[in-house]
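Novice: Below is target.txt; it holds compact mmCIF, C-alpha atoms.
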# COMPACT_ATOMS: atom_id res chain seq x y z
CA SER A 1427 -4.84 -11.26 3.14
CA HIS A 1428 -1.83 -11.34 5.48
CA LEU A 1429 -1.23 -7.61 5.02
CA VAL A 1430 -4.87 -6.80 5.64
CA SER A 1431 -4.85 -8.90 8.79
CA TRP A 1432 -1.79 -7.09 10.14
CA HIS A 1433 -3.27 -3.66 9.43
CA VAL A 1434 -6.74 -4.21 10.86
CA GLY A 1435 -5.85 -6.52 13.74
CA ASN A 1436 -3.45 -6.59 16.68
CA ILE A 1437 -0.13 -8.20 15.81
CA TRP A 1438 0.87 -8.12 19.50
CA ASP A 1439 -2.04 -10.22 20.75
CA PRO A 1440 -1.00 -13.91 20.76
CA GLN A 1441 -4.67 -14.90 20.54
CA SER A 1442 -5.39 -12.83 17.45
CA LYS A 1443 -5.48 -13.89 13.81
CA SER A 1444 -3.06 -11.06 13.04
CA PHE A 1445 -0.45 -12.52 15.37
CA ALA A 1446 -0.94 -16.01 13.93
CA SER A 1447 -0.67 -14.57 10.41
CA ILE A 1448 2.59 -12.74 10.95
CA GLN A 1449 4.13 -15.72 12.73
CA ALA A 1450 3.03 -17.96 9.84
CA VAL A 1451 4.82 -15.66 7.38
CA ARG A 1452 7.94 -15.75 9.55
CA GLY A 1453 7.71 -19.54 9.44
CA LEU A 1454 7.42 -19.48 5.64
CA HIS A 1455 10.56 -17.35 5.44
CA ALA A 1456 12.41 -19.79 7.69
CA GLY A 1457 11.25 -22.76 5.61
CA VAL A 1458 12.29 -21.20 2.30
CA ARG A 1459 15.63 -20.06 3.78
CA SER A 1460 16.34 -23.56 5.08
CA GLN A 1461 15.53 -25.17 1.75
CA MET A 1462 17.63 -22.70 -0.23
CA GLN A 1463 20.61 -23.11 2.07
CA ALA A 1464 20.31 -26.90 1.75
CA HIS A 1465 20.09 -26.91 -2.04
CA LEU A 1466 22.19 -23.82 -2.81
CA PRO A 1467 24.88 -23.67 -0.11
CA GLY A 1468 27.60 -21.07 0.09
CA GLN A 1469 25.34 -18.02 0.21
CA THR A 1470 23.15 -16.37 2.82
CA TRP A 1471 19.53 -16.52 1.68
CA ILE A 1472 16.81 -14.12 2.89
CA SER A 1473 19.32 -12.14 4.91
CA MET A 1474 18.61 -9.17 7.16
CA TYR A 1475 19.59 -6.94 4.25
CA ASP A 1476 17.10 -8.74 1.99
CA MET A 1477 14.36 -8.33 4.60
CA ALA A 1478 15.05 -4.60 4.91
CA CYS A 1479 14.88 -4.20 1.12
CA VAL A 1480 11.53 -5.97 0.99
CA GLN A 1481 10.31 -3.94 3.95
CA SER A 1482 10.98 -0.74 1.99
CA GLY A 1483 8.85 -2.12 -0.85
CA PHE A 1484 5.84 -2.52 1.41
CA MET A 1485 5.96 0.81 3.25
CA GLY A 1486 8.42 3.06 1.42
CA ALA A 1487 6.26 4.60 -1.30
CA ILE A 1488 3.44 5.28 1.16
CA THR A 1489 5.70 7.35 3.40
CA ILE A 1490 7.81 9.18 0.79
CA VAL A 1491 5.15 10.07 -1.83
CA PRO A 1492 1.78 9.64 -0.09
CA THR A 1493 -0.10 12.29 -2.08
CA LYS A 1494 0.93 10.69 -5.39
CA LEU A 1495 -0.85 7.54 -4.17
CA GLY A 1496 -4.00 9.40 -3.14
CA ILE A 1497 -3.14 9.31 0.56
CA HIS A 1498 -3.92 12.30 2.76
CA ALA A 1499 -2.20 11.71 6.09
CA SER A 1500 -0.64 13.96 8.68
CA ASP A 1501 3.05 13.78 9.50
CA SER A 1502 2.08 12.23 12.81
CA SER A 1503 0.05 9.50 11.10
CA LEU A 1504 2.88 8.71 8.72
CA GLU A 1505 5.29 8.58 11.64
CA ASP A 1506 2.93 6.11 13.33
CA TYR A 1507 2.82 4.04 10.15
CA VAL A 1508 6.62 3.82 10.08
CA TYR A 1509 6.51 2.65 13.70
CA PHE A 1510 3.92 0.03 12.75
CA TRP A 1511 6.34 -1.35 10.16
CA ARG A 1512 9.10 -1.33 12.74
CA CYS A 1513 6.89 -3.67 14.77
CA VAL A 1514 6.13 -5.81 11.71
CA GLY A 1515 9.86 -6.11 11.03
CA TYR A 1516 10.44 -7.13 14.64
CA HIS A 1517 7.86 -9.91 14.41
CA LEU A 1518 9.43 -11.12 11.16
CA GLY A 1519 12.81 -11.42 12.83
CA VAL A 1520 14.48 -8.25 11.56
CA SER A 1521 16.89 -6.92 14.17
CA ASP A 1522 16.76 -3.22 15.06
CA GLU A 1523 20.17 -2.77 13.45
CA TYR A 1524 18.71 -3.68 10.04
CA ASN A 1525 15.12 -2.54 10.54
CA LEU A 1526 14.90 0.58 8.37
CA CYS A 1527 12.00 1.88 10.48
CA SER A 1528 13.89 1.75 13.80
CA LEU A 1529 14.85 5.43 13.86
CA GLY A 1530 11.62 7.02 12.69
CA LYS A 1531 10.25 8.44 9.46
CA GLN A 1532 12.95 11.01 8.75
CA ILE A 1533 15.66 8.37 8.68
CA SER A 1534 13.53 5.71 7.00
CA ASP A 1535 12.66 8.11 4.16
CA LYS A 1536 16.35 8.72 3.49
CA ILE A 1537 17.04 4.98 3.47
CA VAL A 1538 14.11 4.32 1.13
CA TRP A 1539 15.32 6.93 -1.36
CA GLU A 1540 18.84 5.54 -1.14
CA PHE A 1541 17.48 2.06 -1.83
CA ILE A 1542 15.52 3.36 -4.83
CA ASP A 1543 18.52 5.14 -6.33
CA SER A 1544 21.21 2.58 -5.51
CA VAL A 1545 19.39 -0.77 -5.75
CA LEU A 1546 15.92 -0.62 -7.26
CA MET A 1547 16.47 1.52 -10.34
CA PRO A 1548 19.75 -0.16 -11.40
CA ASP A 1549 18.21 -3.61 -10.88
CA ILE A 1550 15.00 -2.87 -12.79
CA ALA A 1551 17.10 -1.61 -15.70
CA HIS A 1552 18.68 -5.08 -15.95
CA PRO A 1553 16.17 -7.55 -14.47
CA PRO A 1554 16.92 -11.28 -14.14
CA ALA A 1555 15.29 -13.77 -16.48
CA GLU A 1556 12.77 -14.77 -13.80
CA TYR A 1557 11.43 -11.23 -13.38
CA LEU A 1558 8.94 -11.06 -16.24
CA PRO A 1559 7.13 -14.38 -15.58
CA ILE A 1560 6.77 -13.50 -11.89
CA ALA A 1561 5.63 -9.95 -12.69
CA LYS A 1562 3.06 -11.26 -15.19
CA ALA A 1563 1.74 -13.73 -12.62
CA TYR A 1564 1.32 -10.87 -10.13
CA ILE A 1565 -0.48 -8.72 -12.71
CA ASP A 1566 -2.76 -11.64 -13.66
CA GLY A 1567 -3.75 -11.79 -10.00
CA LEU A 1568 -4.51 -8.06 -9.96
CA ASN A 1569 -6.67 -8.41 -13.06
CA LEU A 1570 -8.80 -11.00 -11.24
CA THR A 1571 -10.07 -8.11 -9.12
CA THR A 1572 -11.46 -6.52 -12.31
CA LEU A 1573 -13.28 -9.68 -13.46
CA GLY A 1574 -10.32 -10.69 -15.59
CA LEU A 1575 -10.39 -7.53 -17.68
CA PRO A 1576 -6.81 -6.37 -18.40
CA PHE A 1577 -6.90 -3.06 -16.56
CA PHE A 1578 -3.36 -3.73 -15.33
CA SER A 1579 -0.18 -4.65 -17.18
CA VAL A 1580 3.45 -4.93 -16.15
CA GLN A 1581 4.43 -1.91 -18.23
CA SER A 1582 1.60 0.36 -17.05
CA THR A 1583 2.08 -0.40 -13.35
CA LEU A 1584 5.83 0.15 -13.68
CA ALA A 1585 5.12 3.45 -15.43
CA LEU A 1586 2.84 4.45 -12.56
CA SER A 1587 5.62 3.68 -10.07
CA TYR A 1588 8.13 5.70 -12.10
CA TRP A 1589 5.71 8.63 -12.25
CA ALA A 1590 5.13 8.52 -8.48
CA LEU A 1591 8.90 8.55 -7.91
CA ASN A 1592 9.46 11.37 -10.43
CA ARG A 1593 11.29 9.10 -12.87
CA ASP A 1594 10.91 8.85 -16.64
CA HIS A 1595 8.69 5.90 -17.56
CA GLY A 1596 9.87 5.74 -21.17
CA GLN A 1597 7.80 4.79 -24.21
CA LEU A 1598 4.49 2.97 -23.73
CA SER A 1599 2.20 1.29 -26.21
CA PHE A 1600 -1.20 2.91 -26.77
CA GLY A 1601 -2.91 0.31 -24.60
CA ASP A 1602 -0.43 0.69 -21.75
CA LEU A 1603 -0.62 4.47 -22.02
CA CYS A 1604 -4.40 4.24 -21.56
CA ARG A 1605 -3.92 1.97 -18.56
CA PHE A 1606 -1.34 4.35 -17.12
CA TYR A 1607 -3.68 7.34 -17.26
CA TYR A 1608 -6.58 5.24 -16.02
CA LEU A 1609 -4.55 4.27 -12.94
CA ARG A 1610 -3.56 7.89 -12.38
CA LEU A 1611 -7.25 8.87 -12.61
CA VAL A 1612 -8.13 6.25 -10.00
CA LEU A 1613 -5.45 7.61 -7.64
CA LEU A 1614 -6.69 11.16 -8.26
CA CYS A 1615 -10.25 10.14 -7.37
CA ILE A 1616 -9.03 8.31 -4.26
CA GLY A 1617 -7.26 11.43 -3.08
CA ALA A 1618 -9.93 13.95 -4.06
CA PHE A 1619 -13.22 12.22 -3.19
CA SER A 1620 -13.55 10.68 0.24
CA PRO A 1621 -16.77 8.75 -0.62
CA PHE A 1622 -14.95 7.07 -3.51
CA ARG A 1623 -12.00 6.32 -1.22
CA HIS A 1624 -14.23 4.75 1.45
CA LEU A 1625 -16.14 2.74 -1.15
CA LEU A 1626 -12.93 1.41 -2.68
CA ASN A 1627 -11.53 0.54 0.76
CA TRP A 1628 -14.71 -1.36 1.58
CA ALA A 1629 -14.68 -3.21 -1.76
CA VAL A 1630 -11.02 -4.24 -1.47
CA LEU A 1631 -11.42 -5.42 2.13
CA ALA A 1632 -14.60 -7.32 1.28
CA TYR A 1633 -12.91 -8.99 -1.70
CA LEU A 1634 -9.84 -10.02 0.31
CA ARG A 1635 -11.88 -11.32 3.22
CA GLN A 1636 -14.11 -13.33 0.91
CA ALA A 1637 -11.09 -14.73 -0.91
CA SER A 1638 -9.48 -15.66 2.40
CA TYR A 1639 -12.70 -17.28 3.62
CA CYS A 1640 -13.01 -19.34 0.43
CA VAL A 1641 -9.44 -20.61 0.75
CA GLU A 1642 -9.61 -21.40 4.46
CA GLY A 1643 -13.12 -22.81 4.40
CA SER A 1644 -12.87 -24.95 1.28
CA SER A 1645 -13.38 -28.61 2.03
CA ARG A 1646 -11.07 -29.37 -0.89
CA THR A 1647 -8.10 -27.83 0.83
CA ALA A 1648 -5.92 -30.52 2.35
CA GLU A 1649 -3.06 -28.40 3.71
CA ARG A 1650 -0.68 -25.59 2.88
CA CYS A 1651 2.84 -25.77 1.57
CA PRO A 1652 5.01 -24.54 4.47
CA PHE A 1653 7.44 -22.84 2.10
CA THR A 1654 5.17 -20.96 -0.31
CA GLY A 1655 1.95 -20.73 1.71
CA MET A 1656 -0.02 -22.06 -1.28
CA SER A 1657 -3.02 -24.28 -0.65
CA ILE A 1658 -2.44 -27.90 -1.63
CA GLN A 1659 -5.60 -29.37 -3.12
CA HIS A 1660 -6.46 -33.06 -3.10
CA GLY A 1661 -4.80 -34.69 -6.07
CA MET A 1662 -2.01 -32.10 -6.12
CA ALA A 1663 1.52 -32.46 -4.82
CA CYS A 1664 3.65 -29.85 -3.13
CA PRO A 1665 6.80 -29.44 -5.28
CA HIS A 1666 8.86 -28.73 -2.15
CA ALA A 1667 8.05 -31.99 -0.38
CA SER A 1668 9.40 -35.51 -0.62
CA THR A 1669 6.80 -38.27 -0.43
CA SER A 1670 6.30 -41.79 0.83
CA VAL A 1671 3.36 -44.16 0.77
CA ALA A 1672 1.89 -45.74 3.90
CA GLY A 1673 -1.41 -47.54 4.16
CA GLY A 1674 -2.28 -46.65 0.61
CA GLN A 1675 -1.92 -42.91 1.29
CA THR A 1676 0.73 -40.50 0.06
CA ILE A 1677 2.48 -38.74 2.91
CA TYR A 1678 4.35 -35.48 2.36
CA HIS A 1679 7.57 -34.82 4.27
CA PHE A 1680 8.66 -31.20 4.60
Could I get this structure in the form of structure tokens?

Specialist:
Amino acid sequence: SHLVSWHVGNIWDPQSKSFASIQAVRGLHAGVRSQMQAHLPGQTWISMYDMACVQSGFMGAITIVPTKLGIHASDSSLEDYVYFWRCVGYHLGVSDEYNLCSLGKQISDKIVWEFIDSVLMPDIAHPPAEYLPIAKAYIDGLNLTTLGLPFFSVQSTLALSYWALNRDHGQLSFGDLCRFYYLRLVLLCIGAFSPFRHLLNWAVLAYLRQASYCVEGSSRTAERCPFTGMSIQHGMACPHASTSVAGGQTIYHF
């Protein structure tokens, strides 16, 4: 919902939800960074380099292989999109020196490809132990958009990314191969049929807005964890907070 808010709103208007959203995310980064430095000293956590790498993950594929993703945009529009992400990086505290969108699309495309070849592909070939559980959790969230039906899997979505980047996706099981071609068909339809594209845009936006409304409007929501952004329900405890009891109530200290 944060990304949608940034794209459809005005991140420069201090009175807008988009501005509040992006500043909230910056605060989450600061909270996580502070906690990691306190518990795991001796290393710089969520550095400018890290932020630039993550920035490439959000905008890189859209600007380097737009047609593979079903996007029909002029060079001018893509240039504007790179500038938008320069502004997003600025709001998130990324200095111009490290903001990969600072010098325009031509330079950002080169940096994105360099990141893919030098960082992403070597890392994905030897992922850390935490990768698969996190990736599965992400995919489980995607499958909620299809009523829980397993249209997505870690292997099929990775294969789709490899295909878009002109890389070999390796062997897939029959089920993942079906998912892979299903996802390619969806992207083909998005690119070829504007009514389908508009319908899908409307459905995704409606789903995200409804999900955001349910989270923000739920009377069961007590607060949000300042480090993860997750809603803390009554009867639940934030794992990142210490607690004390006063007047019969548990108080969380962040």

Novice: Would you pick out the contacts of stretch 1444-1450 of chain A at 8 Å or less, using only C-alpha atoms, so that residues sharing its chain but fewer than 2 positions from it are not included, and give the list as a VMD selection string?

Specialist: chain A and resid 1428 1431 to 1432 1435 to 1442 1452 to 1454 1514 1517 to 1518

Novice: So how far away is atom CA of A:Ile1488 from atom CA of A:Ser1502, in Å?

Specialist: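 Separation between atom CA of A:Ser1502 and atom CA of A:Ile1488: 13.6 Å.
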
Novice: Please determine, counting all atoms listed in the file, which residue among A:Lys1494, A:Lys1536, A:Arg1610, A:Lys1531 has the shortest atom-to-atom distance to A:Val1508.

Specialist: A:Lys1531

Novice: Write out as a list in words which residues come within 12 Å of A:Ala1456 when counting all atoms listed in the file, dropping same-chain ones fewer than 2 positions away.

Specialist: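 Returned residues: Gln1449, Ala1450, Val1451, Arg1452, Gly1453, Leu1454, Val1458, Arg1459, Ser1460, Gln1461, Met1462, Gln1463, Trp1471, Ile1472, Ser1473, Leu1518, Gly1519, Pro1652, Phe1653 and Thr1654 of chain A.
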
Novice: So how far away is atom CA of A:Ser1582 from atom CA of A:Arg1605, in Å?

Specialist: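 Pair atom CA of A:Arg1605 / atom CA of A:Ser1582 returns 5.9 Å.
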
Novice: Can you tell me how far atom CA of A:Asp1476 sits from atom CA of A:Asn1525, in Å to one decimal?

Specialist: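 According to the coordinates, atom CA of A:Asp1476 and atom CA of A:Asn1525 are separated by 10.7 Å.
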
Novice: Can you build me a table of stretch 1577-1609 of chain A residues sitting at most 12 Å from stretch 1559-1564 of chain A, with the closest atom pair per residue and its distance in Å to one decimal, using all atoms listed in the file, sorted by chain and residue number, as a tab-separated table?

Specialist:
residue	atom	partner	partner_atom	distance
A:Phe1578	CA	A:Lys1562	CA	9.9
A:Ser1579	CA	A:Lys1562	CA	7.6
A:Val1580	CA	A:Lys1562	CA	6.4
A:Gln1581	CA	A:Ala1561	CA	9.8
A:Ser1582	CA	A:Lys1562	CA	11.9
A:Thr1583	CA	A:Ala1561	CA	10.2
A:Leu1584	CA	A:Ala1561	CA	10.2

Novice: Around all of stretch 1590-1608 of chain A's listed atoms, make the axis-aligned box with 8 Å on each side and tell me centre and edge lengths in Å to one decimal, as JSON.

Specialist:
{"center_x": 2.4, "center_y": 5.8, "center_z": -17.3, "size_x": 33.9, "size_y": 27.1, "size_z": 34.9}

Novice: Give me the residues near A:Leu1614 as a tab-separated table (two decimals) with C-alpha atoms, in the coordinates of the input, where near means some atom within 10 Å (using all atoms listed in the file) and where sequence neighbours in that chain fewer than 2 positions away do not count.

Specialist:
chain	number	residue	atom	x	y	z
A	1493	THR	CA	-0.10	12.29	-2.08
A	1494	LYS	CA	0.93	10.69	-5.39
A	1495	LEU	CA	-0.85	7.54	-4.17
A	1496	GLY	CA	-4.00	9.40	-3.14
A	1497	ILE	CA	-3.14	9.31	0.56
A	1608	TYR	CA	-6.58	5.24	-16.02
A	1609	LEU	CA	-4.55	4.27	-12.94
A	1610	ARG	CA	-3.56	7.89	-12.38
A	1611	LEU	CA	-7.25	8.87	-12.61
A	1612	VAL	CA	-8.13	6.25	-10.00
A	1616	ILE	CA	-9.03	8.31	-4.26
A	1617	GLY	CA	-7.26	11.43	-3.08
A	1618	ALA	CA	-9.93	13.95	-4.06
A	1619	PHE	CA	-13.22	12.22	-3.19

Novice: Closest to A:Tyr1524 among A:Met1474, A:Leu1575, A:Leu1603, A:Leu1570, using only C-alpha atoms?

Specialist: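 For A:Tyr1524, the nearest of the given residues is A:Met1474.
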